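Just protein.txt here, compact mmCIF, C-alpha atoms:
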```txt
# COMPACT_ATOMS: atom_id res chain seq x y z
CA MET J 569 -30.20 -21.14 11.62
CA ALA J 570 -26.97 -21.80 13.44
CA PRO J 571 -23.97 -19.89 12.04
CA TYR J 572 -21.75 -22.95 12.03
CA ALA J 573 -22.48 -26.44 10.75
CA SER J 574 -21.05 -28.38 13.64
CA ASP J 575 -22.20 -30.40 16.62
CA ASP J 576 -22.43 -27.23 18.70
CA SER J 577 -25.48 -25.49 20.04
CA THR J 578 -24.77 -21.78 20.29
CA THR J 579 -26.99 -18.83 21.18
CA ALA J 580 -27.05 -15.67 19.09
CA GLY J 581 -25.55 -13.72 21.96
CA GLU J 582 -22.63 -16.11 22.22
CA VAL J 583 -22.03 -15.86 18.48
CA ASP J 584 -21.96 -12.06 18.66
CA GLU J 585 -19.48 -12.23 21.52
CA GLN J 586 -17.25 -14.64 19.60
CA ARG J 587 -17.35 -12.47 16.50
CA SER J 588 -16.45 -9.47 18.64
CA GLY J 589 -13.45 -11.39 19.92
CA ARG J 590 -12.36 -12.21 16.42
CA ARG J 591 -12.49 -8.57 15.42
CA ARG J 592 -10.02 -7.58 18.12
CA ALA J 593 -7.04 -8.67 16.09
CA ALA J 594 -6.03 -6.38 13.27
CA ARG J 595 -6.11 -7.46 9.67
CA TYR J 596 -4.55 -6.28 6.45
CA ILE J 597 -6.31 -6.37 3.11
CA VAL J 598 -4.35 -5.97 -0.10
CA PRO J 599 -5.94 -3.13 -2.13
CA VAL J 600 -8.65 -4.52 -4.44
CA THR J 601 -8.72 -3.16 -7.99
CA VAL J 602 -9.95 -4.73 -11.20
CA VAL J 603 -6.42 -5.67 -12.17
CA GLY J 604 -5.16 -6.41 -8.66
CA VAL J 605 -8.16 -8.22 -7.23
CA ALA J 606 -6.33 -11.53 -7.42
CA ALA J 607 -3.76 -10.20 -4.96
CA ALA J 608 -6.47 -9.97 -2.31
CA THR J 609 -6.82 -13.73 -2.37
CA ILE J 610 -3.56 -14.16 -0.46
CA GLY J 611 -5.76 -13.51 2.54
CA LEU J 612 -7.32 -16.95 1.83
CA VAL J 613 -4.69 -19.69 1.62
CA PRO J 614 -2.88 -23.41 1.17
CA ALA J 615 -2.69 -27.17 1.17
CA LEU J 616 -1.98 -28.43 4.65
CA ALA J 617 1.03 -30.71 4.76
CA ASP J 618 0.76 -32.99 7.77
CA SER J 619 3.93 -34.27 9.40
CA GLY J 620 2.06 -36.36 11.95
CA ASP J 621 -1.30 -36.85 13.63
CA PRO J 622 -0.90 -36.14 17.36
CA ASP J 623 -3.37 -37.59 19.82
CA LEU J 624 -5.20 -34.60 21.28
CA PRO J 625 -8.35 -34.25 23.38
CA LYS J 626 -11.57 -34.03 21.38
CA ILE J 627 -12.79 -30.54 20.59
CA THR J 628 -15.83 -29.20 18.74
CA ALA J 629 -15.69 -26.66 15.92
CA GLN J 630 -17.30 -24.04 18.14
CA GLN J 631 -14.78 -24.61 20.91
CA LEU J 632 -11.90 -24.37 18.44
CA ILE J 633 -13.25 -21.10 17.01
CA GLU J 634 -13.47 -19.76 20.56
CA LYS J 635 -9.90 -20.87 21.17
CA ILE J 636 -8.73 -18.88 18.14
CA ALA J 637 -10.73 -15.82 19.27
CA LYS J 638 -9.21 -15.94 22.75
CA SER J 639 -5.65 -16.47 21.50
CA ASP J 640 -3.49 -13.58 22.60
CA VAL J 641 0.05 -14.40 21.53
CA GLN J 642 2.10 -11.24 22.08
CA GLN J 643 5.61 -12.60 21.52
CA LEU J 644 6.86 -14.85 18.76
CA SER J 645 9.51 -15.34 16.11
CA GLY J 646 9.61 -17.74 13.22
CA THR J 647 9.74 -18.48 9.52
CA VAL J 648 6.70 -18.50 7.25
CA LYS J 649 6.55 -19.96 3.76
CA ILE J 650 3.94 -18.61 1.33
CA SER J 651 3.22 -20.15 -2.07
CA THR J 652 0.56 -18.65 -4.32
CA ASP J 653 -0.86 -20.33 -7.43
CA LEU J 654 -3.73 -18.28 -8.78
CA GLY J 655 -3.45 -19.91 -12.20
CA LEU J 656 -2.73 -16.66 -13.99
CA PRO J 657 -2.10 -16.98 -17.74
CA ASP J 658 1.46 -17.43 -18.95
CA LEU J 659 2.52 -13.97 -20.08
CA GLY J 660 6.01 -14.95 -21.07
CA GLY J 661 7.63 -13.25 -18.09
CA LEU J 662 5.39 -10.18 -18.28
CA GLU J 663 3.66 -11.04 -15.00
CA SER J 664 6.92 -11.16 -13.05
CA SER J 665 8.10 -8.00 -14.75
CA LEU J 666 4.92 -6.18 -13.79
CA MET J 667 5.27 -7.34 -10.19
CA SER J 668 8.89 -6.26 -10.09
CA GLY J 669 7.98 -2.94 -11.65
CA ALA J 670 5.26 -2.36 -9.10
CA ALA J 671 7.65 -3.22 -6.32
CA GLY J 672 10.11 -0.65 -7.55
CA GLN J 673 7.55 2.09 -8.08
CA GLY J 674 6.00 2.72 -4.72
CA GLU J 675 4.50 6.08 -3.89
CA GLY J 676 7.26 8.59 -4.34
CA GLY J 677 9.27 6.08 -6.37
CA SER J 678 10.89 4.30 -3.40
CA SER J 679 11.46 0.56 -3.79
CA ALA J 680 11.26 0.35 0.01
CA ASP J 681 7.62 1.49 0.12
CA PRO J 682 5.64 -1.44 1.62
CA THR J 683 2.47 -0.62 -0.36
CA ALA J 684 4.29 -1.67 -3.52
CA LYS J 685 6.88 -4.15 -2.29
CA LEU J 686 4.48 -6.52 -0.57
CA THR J 687 2.39 -7.04 -3.71
CA GLU J 688 5.04 -9.61 -4.58
CA LEU J 689 3.42 -11.97 -2.07
CA ALA J 690 0.51 -12.38 -4.48
CA SER J 691 2.57 -14.55 -6.82
CA GLY J 692 5.07 -17.40 -6.53
CA THR J 693 6.79 -18.79 -3.45
CA HIS J 694 8.32 -16.63 -0.74
CA THR J 695 10.03 -17.09 2.60
CA LEU J 696 9.37 -14.63 5.42
CA ARG J 697 10.91 -14.16 8.84
CA VAL J 698 8.55 -12.67 11.39
CA ALA J 699 8.95 -11.44 14.95
CA ALA J 700 6.71 -9.66 17.44
CA ASP J 701 6.93 -8.36 20.99
CA GLY J 702 3.61 -6.80 21.87
CA PRO J 703 1.61 -4.24 19.85
CA ASP J 704 4.49 -1.79 19.46
CA LYS J 705 7.23 -4.04 18.12
CA GLN J 706 7.01 -6.16 14.97
CA LYS J 707 9.37 -7.11 12.18
CA LEU J 708 8.79 -8.86 8.88
CA SER J 709 11.54 -9.73 6.43
CA LEU J 710 10.98 -10.97 2.88
CA LEU J 711 13.99 -13.06 1.90
CA GLU J 712 15.09 -12.87 -1.73
CA ASN J 713 18.04 -14.10 -3.76
CA ALA J 714 21.07 -12.39 -2.21
CA ALA J 715 18.78 -9.63 -0.90
CA GLU J 716 16.24 -8.91 1.83
CA TYR J 717 13.32 -6.57 2.30
CA SER J 718 12.26 -5.71 5.85
CA ILE J 719 9.53 -3.79 7.63
CA VAL J 720 10.37 -2.83 11.20
CA HIS J 721 7.82 -1.29 13.57
CA ASN J 722 9.26 0.00 16.85
CA GLY J 723 7.11 2.41 18.83
CA LYS J 724 5.98 5.26 16.60
CA ASP J 725 8.51 4.51 13.87
CA VAL J 726 7.89 2.20 10.94
CA TRP J 727 10.78 1.49 8.59
CA GLY J 728 10.87 -0.25 5.23
CA TYR J 729 14.31 -1.29 3.91
CA ASP J 730 15.25 -2.78 0.54
CA SER J 731 18.81 -4.09 0.72
CA LYS J 732 18.97 -4.64 -3.04
CA SER J 733 18.54 -0.95 -3.87
CA ASN J 734 19.79 0.30 -0.46
CA GLU J 735 16.63 2.38 -0.09
CA VAL J 736 14.75 3.17 3.13
CA TYR J 737 11.15 4.26 3.63
CA HIS J 738 10.23 5.88 6.96
CA GLY J 739 6.72 6.40 8.26
CA THR J 740 4.83 6.82 11.51
CA ALA J 741 2.56 4.27 13.13
CA SER J 742 -1.01 5.11 14.05
CA ASP J 743 -1.69 6.42 17.56
CA SER J 744 -4.83 4.30 17.92
CA PRO J 745 -5.13 1.64 20.66
CA GLU J 746 -4.48 -0.94 17.94
CA ARG J 747 -1.29 0.88 16.97
CA GLY J 748 1.13 -1.26 15.08
CA LYS J 749 -1.34 -4.00 14.25
CA ASP J 750 -2.64 -1.99 11.31
CA GLN J 751 0.88 -1.84 9.89
CA GLN J 752 1.24 -5.61 9.70
CA PRO J 753 0.94 -7.06 6.19
CA PRO J 754 -1.13 -10.19 5.49
CA ALA J 755 1.77 -12.51 6.13
CA THR J 756 0.94 -14.97 8.90
CA PRO J 757 -1.65 -17.74 9.05
CA LYS J 758 -3.40 -15.82 11.84
CA ASP J 759 -4.02 -12.84 9.54
CA PHE J 760 -5.52 -15.12 6.92
CA ALA J 761 -7.58 -17.22 9.33
CA GLU J 762 -9.26 -14.19 10.86
CA GLU J 763 -10.36 -12.98 7.42
CA ALA J 764 -11.89 -16.38 6.64
CA LEU J 765 -13.64 -16.61 10.02
CA LYS J 766 -15.27 -13.23 9.44
CA ALA J 767 -17.09 -14.81 6.50
CA THR J 768 -18.60 -17.66 8.50
CA ASP J 769 -22.38 -17.57 8.81
CA ASP J 770 -25.30 -19.81 7.89
CA THR J 771 -23.85 -20.17 4.38
CA THR J 772 -20.79 -21.92 5.83
CA SER J 773 -19.95 -25.36 7.16
CA VAL J 774 -17.32 -25.38 9.92
CA THR J 775 -15.96 -28.67 11.29
CA VAL J 776 -12.92 -30.16 13.01
CA ASP J 777 -11.08 -32.68 10.82
CA GLY J 778 -8.51 -34.38 13.02
CA THR J 779 -5.09 -33.18 14.05
CA ALA J 780 -1.73 -32.33 12.51
CA GLN J 781 1.77 -31.27 13.47
CA VAL J 782 3.01 -27.97 12.07
CA ALA J 783 6.45 -26.50 12.73
CA GLY J 784 6.94 -29.14 15.42
CA ARG J 785 3.76 -28.20 17.30
CA ASP J 786 0.55 -30.16 17.84
CA ALA J 787 -2.46 -28.64 16.12
CA TYR J 788 -6.14 -29.17 15.37
CA LYS J 789 -7.45 -28.84 11.81
CA LEU J 790 -10.43 -26.53 11.34
CA VAL J 791 -12.16 -26.91 7.96
CA ILE J 792 -14.35 -24.16 6.53
CA LYS J 793 -16.49 -24.93 3.45
CA PRO J 794 -19.11 -22.94 1.55
CA LYS J 795 -22.56 -24.54 1.52
CA GLN J 796 -23.61 -22.58 -1.55
CA SER J 797 -23.14 -23.59 -5.15
CA GLY J 798 -21.37 -21.30 -7.59
CA SER J 799 -18.38 -20.46 -5.38
CA THR J 800 -14.85 -21.17 -6.61
CA VAL J 801 -13.75 -21.83 -3.02
CA GLY J 802 -13.51 -25.54 -2.23
CA ALA J 803 -12.34 -25.45 1.38
CA VAL J 804 -10.25 -23.47 3.82
CA THR J 805 -8.18 -25.46 6.32
CA VAL J 806 -6.62 -23.84 9.37
CA ALA J 807 -4.11 -25.65 11.59
CA VAL J 808 -4.66 -24.25 15.09
CA ASP J 809 -1.96 -24.59 17.75
CA ALA J 810 -3.41 -26.83 20.45
CA LYS J 811 -1.75 -24.90 23.29
CA THR J 812 -2.00 -21.24 22.30
CA GLY J 813 -4.94 -21.26 19.88
CA MET J 814 -2.86 -19.41 17.30
CA PRO J 815 -3.29 -20.44 13.63
CA LEU J 816 -0.06 -22.03 12.38
CA LYS J 817 -1.04 -22.85 8.82
CA PHE J 818 -3.79 -21.71 6.48
CA THR J 819 -5.03 -23.45 3.36
CA LEU J 820 -7.41 -22.62 0.58
CA THR J 821 -8.17 -25.20 -2.08
CA PRO J 822 -10.32 -24.34 -5.10
CA ALA J 823 -13.64 -26.02 -5.90
CA GLY J 824 -12.14 -27.05 -9.24
CA GLY J 825 -9.63 -29.30 -7.50
CA GLY J 826 -5.87 -29.50 -7.86
CA ALA J 827 -3.21 -27.84 -5.77
CA ALA J 828 -4.01 -25.19 -3.20
CA VAL J 829 -4.42 -21.65 -4.46
CA VAL J 830 -1.96 -20.44 -1.83
CA ASP J 831 0.02 -22.22 0.87
CA ALA J 832 1.02 -20.22 3.93
CA GLY J 833 2.34 -21.68 7.14
CA PHE J 834 5.05 -21.60 9.75
CA THR J 835 7.99 -23.88 9.09
CA GLN J 836 9.55 -22.81 12.41
CA VAL J 837 8.05 -20.89 15.32
CA SER J 838 8.95 -19.93 18.88
CA PHE J 839 6.83 -18.11 21.43
CA ALA J 840 9.81 -16.87 23.43
CA LYS J 841 10.47 -13.15 23.76
CA PRO J 842 12.62 -11.96 20.81
CA ALA J 843 15.80 -10.03 21.56
CA ALA J 844 15.19 -6.30 21.86
CA SER J 845 17.80 -5.67 19.15
CA THR J 846 15.53 -7.46 16.65
CA PHE J 847 13.48 -4.29 16.35
CA ASP J 848 16.36 -1.81 16.17
CA PHE J 849 16.88 -0.07 12.83
CA THR J 850 19.25 2.63 11.64
CA PRO J 851 19.43 3.55 7.94
CA PRO J 852 22.66 2.11 6.47
CA LYS J 853 25.35 4.50 5.35
CA GLY J 854 24.66 5.85 1.89
CA ALA J 855 21.06 4.64 1.82
CA LYS J 856 18.44 6.79 0.12
CA VAL J 857 15.80 7.65 2.74
CA THR J 858 12.26 8.59 1.70
CA GLU J 859 10.03 10.10 4.36
CA GLU J 860 6.33 9.33 4.30
CA LYS J 861 5.45 13.02 4.25
CA ASP J 862 7.60 13.48 1.15
CA ALA J 863 6.27 10.42 -0.64
CA GLY J 864 2.65 11.27 0.02
CA LYS J 865 2.46 15.05 -0.34
CA GLY J 866 -1.09 16.28 -0.33
CA SER J 867 -2.25 13.18 1.51
CA ASP J 868 -3.28 12.66 5.12
CA LYS J 869 -2.77 8.92 4.96
CA ASP J 870 -1.13 6.90 7.70
CA PHE J 871 1.92 4.84 6.88
CA GLY J 872 0.99 1.74 4.94
CA LYS J 873 -2.51 2.90 4.08
CA GLY J 874 -2.43 0.92 0.85
CA PHE J 875 -2.40 -2.19 3.00
CA GLU J 876 -4.57 -0.99 5.84
CA LYS J 877 -7.28 -3.25 7.17
CA GLY J 878 -10.88 -2.70 6.25
CA GLY J 879 -13.49 -1.88 8.82
CA PRO J 880 -14.80 -4.75 10.93
CA ARG J 881 -16.96 -7.06 8.84
CA GLU J 882 -19.48 -8.62 11.18
CA HIS J 883 -20.91 -11.00 8.62
CA ALA J 884 -20.53 -12.32 5.13
CA PRO J 885 -21.56 -9.76 2.46
CA LYS J 886 -25.30 -9.30 2.15
CA GLY J 887 -27.09 -8.49 -1.07
CA GLY J 888 -27.41 -4.79 -1.82
CA GLU J 889 -24.70 -3.68 0.60
CA ASP J 890 -23.02 -0.47 -0.49
CA HIS J 891 -19.24 -0.58 -0.24
CA GLY J 892 -18.57 2.85 -1.65
CA LYS J 893 -15.31 3.29 0.26
CA GLY J 894 -12.40 2.87 -2.15
CA LEU J 895 -14.50 2.15 -5.25
CA ASP J 896 -17.38 4.60 -5.70
CA GLY J 897 -20.77 2.96 -5.87
CA MET J 898 -19.57 -0.59 -5.33
CA LYS J 899 -22.39 -2.91 -4.21
CA THR J 900 -22.73 -6.57 -3.34
CA ILE J 901 -25.03 -9.01 -5.10
CA GLY J 902 -25.91 -12.19 -3.24
CA GLU J 903 -24.44 -13.25 0.09
CA GLY J 904 -21.79 -15.37 1.71
CA TRP J 905 -19.20 -17.13 -0.40
CA SER J 906 -21.23 -16.56 -3.57
CA SER J 907 -21.37 -12.79 -3.17
CA ILE J 908 -20.38 -10.65 -6.16
CA ALA J 909 -19.05 -7.10 -6.01
CA THR J 910 -20.24 -4.83 -8.79
CA PHE J 911 -19.55 -1.24 -9.80
CA ASP J 912 -19.65 0.96 -12.87
CA THR J 913 -16.37 2.32 -14.22
CA GLY J 914 -18.22 4.86 -16.33
CA GLY J 915 -16.09 3.76 -19.26
CA GLU J 916 -16.48 1.60 -22.32
CA GLY J 917 -15.20 -1.67 -20.92
CA VAL J 918 -11.97 -3.18 -22.20
CA PRO J 919 -10.53 -2.82 -25.72
CA SER J 920 -11.25 -5.86 -27.86
CA GLY J 921 -11.32 -7.16 -31.40
CA GLU J 922 -10.08 -5.19 -34.36
CA ALA J 923 -11.24 -1.93 -32.81
CA GLY J 924 -8.82 -2.49 -29.98
CA GLY J 925 -5.82 -3.02 -32.24
CA ASP J 926 -2.88 -4.93 -30.79
CA LEU J 927 -4.09 -4.25 -27.24
CA GLY J 928 -7.49 -5.66 -28.10
CA GLY J 929 -5.91 -8.83 -29.41
CA PHE J 930 -3.82 -9.14 -26.25
CA VAL J 931 -6.90 -8.68 -24.05
CA ASN J 932 -8.80 -11.29 -26.04
CA SER J 933 -6.01 -13.78 -25.44
CA LEU J 934 -6.37 -13.33 -21.67
CA GLY J 935 -10.15 -13.28 -21.30
CA ASP J 936 -13.19 -15.14 -22.58
CA LYS J 937 -15.83 -13.27 -24.55
CA VAL J 938 -19.35 -13.75 -23.18
CA THR J 939 -22.83 -12.54 -24.13
CA GLY J 940 -26.12 -12.31 -22.31
CA LYS J 941 -29.10 -10.09 -21.66
CA PHE J 942 -26.60 -7.50 -20.45
CA GLY J 943 -24.95 -7.39 -23.87
CA LYS J 944 -21.33 -8.36 -24.42
CA GLY J 945 -18.33 -8.55 -22.13
CA THR J 946 -15.08 -10.27 -21.22
CA VAL J 947 -14.44 -12.62 -18.29
CA PHE J 948 -10.94 -12.67 -16.81
CA SER J 949 -10.30 -15.76 -14.71
CA THR J 950 -7.94 -17.09 -12.09
CA ARG J 951 -8.32 -20.32 -10.13
CA LEU J 952 -10.19 -18.38 -7.46
CA VAL J 953 -11.28 -14.92 -8.54
CA ASN J 954 -13.25 -14.21 -11.73
CA ALA J 955 -14.15 -10.78 -13.09
CA LEU J 956 -16.62 -9.83 -15.82
CA ILE J 957 -16.17 -6.47 -17.50
CA THR J 958 -19.06 -5.59 -19.80
CA ASP J 959 -18.56 -3.59 -22.96
CA ASP J 960 -20.43 -0.67 -21.36
CA GLY J 961 -18.00 -0.52 -18.42
CA LYS J 962 -19.75 -2.42 -15.65
CA VAL J 963 -17.65 -4.77 -13.50
CA TYR J 964 -18.74 -7.92 -11.66
CA VAL J 965 -16.10 -9.69 -9.57
CA GLY J 966 -16.06 -12.42 -6.96
CA MET J 967 -14.90 -15.86 -5.92
CA VAL J 968 -17.60 -17.36 -8.13
CA THR J 969 -17.84 -19.15 -11.47
CA LYS J 970 -18.06 -17.47 -14.85
CA ASP J 971 -21.70 -18.54 -15.19
CA ALA J 972 -22.54 -16.91 -11.87
CA LEU J 973 -21.09 -13.61 -13.08
CA VAL J 974 -23.10 -13.74 -16.30
CA LYS J 975 -26.31 -14.46 -14.35
CA ALA J 976 -25.61 -11.53 -12.05
CA ALA J 977 -25.03 -9.21 -15.00
CA ASP J 978 -28.25 -10.41 -16.65
CA ALA J 979 -30.20 -9.86 -13.44
CA GLY J 980 -28.91 -6.29 -13.35
CA LYS J 981 -30.60 -5.43 -16.61
```

Rewritten as structure tokens:
Amino acid sequence: MAPYASDDSTTAGEVDEQRSGRRRAARYIVPVTVVGVAAATIGLVPALADSGDPDLPKITAQQLIEKIAKSDVQQLSGTVKISTDLGLPDLGGLESSLMSGAAGQGEGGSSADPTAKLTELASGTHTLRVAADGPDKQKLSLLENAAEYSIVHNGKDVWGYDSKSNEVYHGTASDSPERGKDQQPPATPKDFAEEALKATDDTTSVTVDGTAQVAGRDAYKLVIKPKQSGSTVGAVTVAVDAKTGMPLKFTLTPAGGGAAVVDAGFTQVSFAKPAASTFDFTPPKGAKVTEEKDAGKGSDKDFGKGFEKGGPREHAPKGGEDHGKGLDGMKTIGEGWSSIATFDTGGEGVPSGEAGGDLGGFVNSLGDKVTGKFGKGTVFSTRLVNALITDDGKVYVGMVTKDALVKAADAGK
């Protein structure tokens, strides 16, 4: 079967070559935990707002995918807006407090540590300024009310700076050929688009759906849809710059309808060389500076390891795959967009009912109790990611419906 549902005819060799091209660009994946799995969905994003339909030459889905793979934009600067609506329950301000707390409690307690600070992108609306000049110079700034958080990569140095607390975090970039790329957070439409394209196979429909204008530039719209039932993903739309092939806007809408889960796109972009001073950084006077080696004693991690990219994924998850890295014994059930990750915590599930006391009552208010051949458990839901935690400590999580999780748990018995 052809890997893309389009009007293209492509050989297996050509597909492998295209996939290889897609893997050249580095990607960041937010760490996936039972509680934080929703944060990973910022790598799949938003509703595309068209400001015009330019008249562009016809192009097939396969040609547009090739254009993205061959895109090699080395220099740019611009503003990116990210809005995330995972549909998390109203916790009366607790959610924002937890996010703020996490941001202020990075490894070593520095509020400038990127591994904690950038988790804020998983909720709400944020404005970012980005700049790049080749693989050794990048800058990302998260603009806040009367404050700014920045990550600056210049050569071997990587700096994180929180102006609100006047704290600085200093680390060292990797010495690999891809140096610098693996320090970039999942902030631009290109980062997100590459993650989605890695999942395209014979379970996916990929088509071109007209044109758009994004940040004043003409673009094609690439639409990626799961063919399988049971997925919570409705469609992913990528606006691809007609001239450079670089993704300018990325959209994920849920199968359940309504607003996009996340909206990420350039509101302004330039491909001119940024000023060299853009990437200069000197810790401000009086700032508290935390060195990576001090924050991560006993660890051999590279700077930003909490946000490092995963290994190249050459296909959508296949059933039975062992993903033991990061979560011991994690395996995949099913394939493509309906795949489910499962692992055993070795615990007793989540506290619930009277036995769980006040915490059990709180948990019950967030999740739905379910039963099946597997026994009893609780399903925690967002608009995109659902997770089933059984009372005997097994976890099933994926971008699938609640019923799909229950069926997977039953099949595991």

**Spatial neighbours of Gly798 (chain J), max dist 8 Å, all atoms listed in the file, sep filter under 6 positions, as a list in words** =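 In the requested format, the answer is Ser906, Val968, Thr969 and Ala972 of chain J.
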
**Request:** Go through J:Ala979, J:Ser733, J:Val829, J:Thr683 one by one, measure the shortest atom-to-atom distance of each to Gly655 (chain J) using all atoms listed in the file, and give the residue with the smallest value.
**Result:**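 Of J:Ala979, J:Ser733, J:Val829, J:Thr683, the one nearest Gly655 (chain J), counting all atoms listed in the file, is J:Val829.
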
What are the centre and the three edge lengths of an axis-aligned box that wraps all atoms of region 721-740 of chain J in the file, given that 4 Å is added to every side, written as JSON and rounded to one decimal in Å?
```
{"center_x": 12.3, "center_y": 1.1, "center_z": 7.5, "size_x": 23.0, "size_y": 19.5, "size_z": 30.7}
```

**Item:** Closest of J:Leu711, J:Val808, J:Leu765, J:Ala699 to Ser731 (chain J) - atom-to-atom distances counting only C-alpha atoms
**Value:**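 Of J:Leu711, J:Val808, J:Leu765, J:Ala699, the one nearest Ser731 (chain J), counting only C-alpha atoms, is J:Leu711.
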
**Prompt:** Which of these, J:Glu735, J:Glu716, J:Asp653, J:Asp959, has the shortest distance to Ser679 (chain J) once you count all atoms listed in the file?
**Reply:**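 Among the listed residues, J:Glu735 lies closest to Ser679 (chain J).
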
**Request:** May I ask which of the residues J:Asp759, J:Asp831, J:Asp704, J:Asp936 is the closest one to Phe847 (chain J), counting all atoms listed in the file?
**Result:**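 Smallest separation from Phe847 (chain J) among the options: J:Asp704.
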
**Item:** Point-to-point distance from CA of Met898 (chain J) to CA of Leu952 (chain J), Å rounded to tenths
**Value:**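 Separation between CA of Met898 (chain J) and CA of Leu952 (chain J): 20.2 Å.
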
**Request:** Could you give me, as a PyMOL selection string, the residues within 10 Å of Gly980 (chain J), counting all atoms listed in the file and dropping anything in the same chain fewer than 2 positions from it?
**Result:** chain J and resi 901+910+941-942+974-978

For the residues selected in the previous step, produce a file with C-alpha atoms as a compact mmCIF listing (two decimals), in the coordinates of the input.
```txt
# COMPACT_ATOMS: atom_id res chain seq x y z
CA ILE J 901 -25.03 -9.01 -5.10
CA THR J 910 -20.24 -4.83 -8.79
CA LYS J 941 -29.10 -10.09 -21.66
CA PHE J 942 -26.60 -7.50 -20.45
CA VAL J 974 -23.10 -13.74 -16.30
CA LYS J 975 -26.31 -14.46 -14.35
CA ALA J 976 -25.61 -11.53 -12.05
CA ALA J 977 -25.03 -9.21 -15.00
CA ASP J 978 -28.25 -10.41 -16.65
```

**Message:** What's the separation between CA of Pro822 (chain J) and CA of Trp905 (chain J), in Å to one decimal place?
**Reply:**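 Rounded to one decimal, the two atoms are 12.4 Å apart.
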
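Distances from J:Gly854, J:Pro794, J:Gly824, J:Gly966 to Thr768 (chain J) were compared using only C-alpha atoms, and the smallest one belongs to J:Pro794.
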
**Asked** For the atom pair CA of Val801 (chain J) and CA of Ala832 (chain J), what is the interatomic distance in Å to one decimal place?
**Response**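 Result for CA of Val801 (chain J) versus CA of Ala832 (chain J): 16.4 Å, one decimal.
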
**Message:** My list of candidates is J:Asp725, J:Asp730, J:Glu903, J:Asp777. Which is closest to Ser799 (chain J) when distances are computed with all atoms listed in the file?
**Reply:** J:Glu903

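Those residues that approach Thr771 (chain J) to within 7 Å, counting all atoms listed in the file, are J:Pro794, J:Lys795, J:Gln796, J:Gly904; same-chain residues fewer than 6 positions away are not listed.
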
**Message:** I want to know what sits within 8 Å of Tyr964 (chain J), based on all atoms listed in the file, with residues of the same chain fewer than 5 positions away left out; could you give that as a PyMOL selection string?
**Reply:** chain J and resi 908-911+955-957+973+976-977

Identify, on the basis of only C-alpha atoms, every residue whose closest approach to Glu859 (chain J) does not exceed 8 Å; exclude the query and any residue fewer than 5 positions from it along the same chain; express the result as an mmCIF file with C-alpha atoms, keeping the file's coordinate frame.
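Result file selection-v3.cif:
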```
data_model
loop_
_atom_site.group_PDB
_atom_site.id
_atom_site.type_symbol
_atom_site.label_atom_id
_atom_site.label_comp_id
_atom_site.auth_asym_id
_atom_site.auth_seq_id
_atom_site.Cartn_x
_atom_site.Cartn_y
_atom_site.Cartn_z
ATOM 1 C CA TYR J 737 11.150 4.260 3.630
ATOM 2 C CA HIS J 738 10.230 5.880 6.960
ATOM 3 C CA GLY J 739 6.720 6.400 8.260
#
```

**Request:** Identify the residues around (9.9, -20.9, 2.0) within a radius of 10 Å, measuring from all atoms listed in the file in the coordinates stated by the file, and give them as a PyMOL selection string.
**Result:** chain J and resi 647-651+693-697+711+832-835

Step by step: locate region 701-708 of chain J in the block above, keep N, CA, C and O atoms, then write the file as a PDB file, in the first residue's frame.
```pdb
ATOM      1  N   ASP J 701      20.635  31.563  13.109  1.00  0.00           N
ATOM      2  CA  ASP J 701      21.664  31.835  12.115  1.00  0.00           C
ATOM      3  C   ASP J 701      22.575  30.617  12.054  1.00  0.00           C
ATOM      4  O   ASP J 701      23.628  30.563  12.675  1.00  0.00           O
ATOM      5  N   GLY J 702      22.098  29.590  11.335  1.00  0.00           N
ATOM      6  CA  GLY J 702      22.862  28.365  11.229  1.00  0.00           C
ATOM      7  C   GLY J 702      22.682  27.473  12.445  1.00  0.00           C
ATOM      8  O   GLY J 702      21.950  27.789  13.385  1.00  0.00           O
ATOM      9  N   PRO J 703      23.386  26.334  12.475  1.00  0.00           N
ATOM     10  CA  PRO J 703      23.217  25.345  13.544  1.00  0.00           C
ATOM     11  C   PRO J 703      23.807  25.753  14.882  1.00  0.00           C
ATOM     12  O   PRO J 703      23.506  25.137  15.897  1.00  0.00           O
ATOM     13  N   ASP J 704      24.646  26.789  14.905  1.00  0.00           N
ATOM     14  CA  ASP J 704      25.314  27.159  16.151  1.00  0.00           C
ATOM     15  C   ASP J 704      24.760  28.410  16.814  1.00  0.00           C
ATOM     16  O   ASP J 704      25.251  28.823  17.861  1.00  0.00           O
ATOM     17  N   LYS J 705      23.737  29.010  16.224  1.00  0.00           N
ATOM     18  CA  LYS J 705      23.201  30.235  16.812  1.00  0.00           C
ATOM     19  C   LYS J 705      21.676  30.232  16.728  1.00  0.00           C
ATOM     20  O   LYS J 705      21.111  30.303  15.635  1.00  0.00           O
ATOM     21  N   GLN J 706      21.034  30.130  17.889  1.00  0.00           N
ATOM     22  CA  GLN J 706      19.579  30.236  17.957  1.00  0.00           C
ATOM     23  C   GLN J 706      19.184  30.992  19.222  1.00  0.00           C
ATOM     24  O   GLN J 706      19.919  31.007  20.209  1.00  0.00           O
ATOM     25  N   LYS J 707      18.030  31.616  19.152  1.00  0.00           N
ATOM     26  CA  LYS J 707      17.489  32.298  20.327  1.00  0.00           C
ATOM     27  C   LYS J 707      15.978  32.163  20.322  1.00  0.00           C
ATOM     28  O   LYS J 707      15.325  32.296  19.288  1.00  0.00           O
ATOM     29  N   LEU J 708      15.432  31.867  21.485  1.00  0.00           N
ATOM     30  CA  LEU J 708      13.991  31.814  21.677  1.00  0.00           C
ATOM     31  C   LEU J 708      13.652  32.601  22.925  1.00  0.00           C
ATOM     32  O   LEU J 708      14.274  32.421  23.974  1.00  0.00           O
TER      33      LEU J 708
END
```
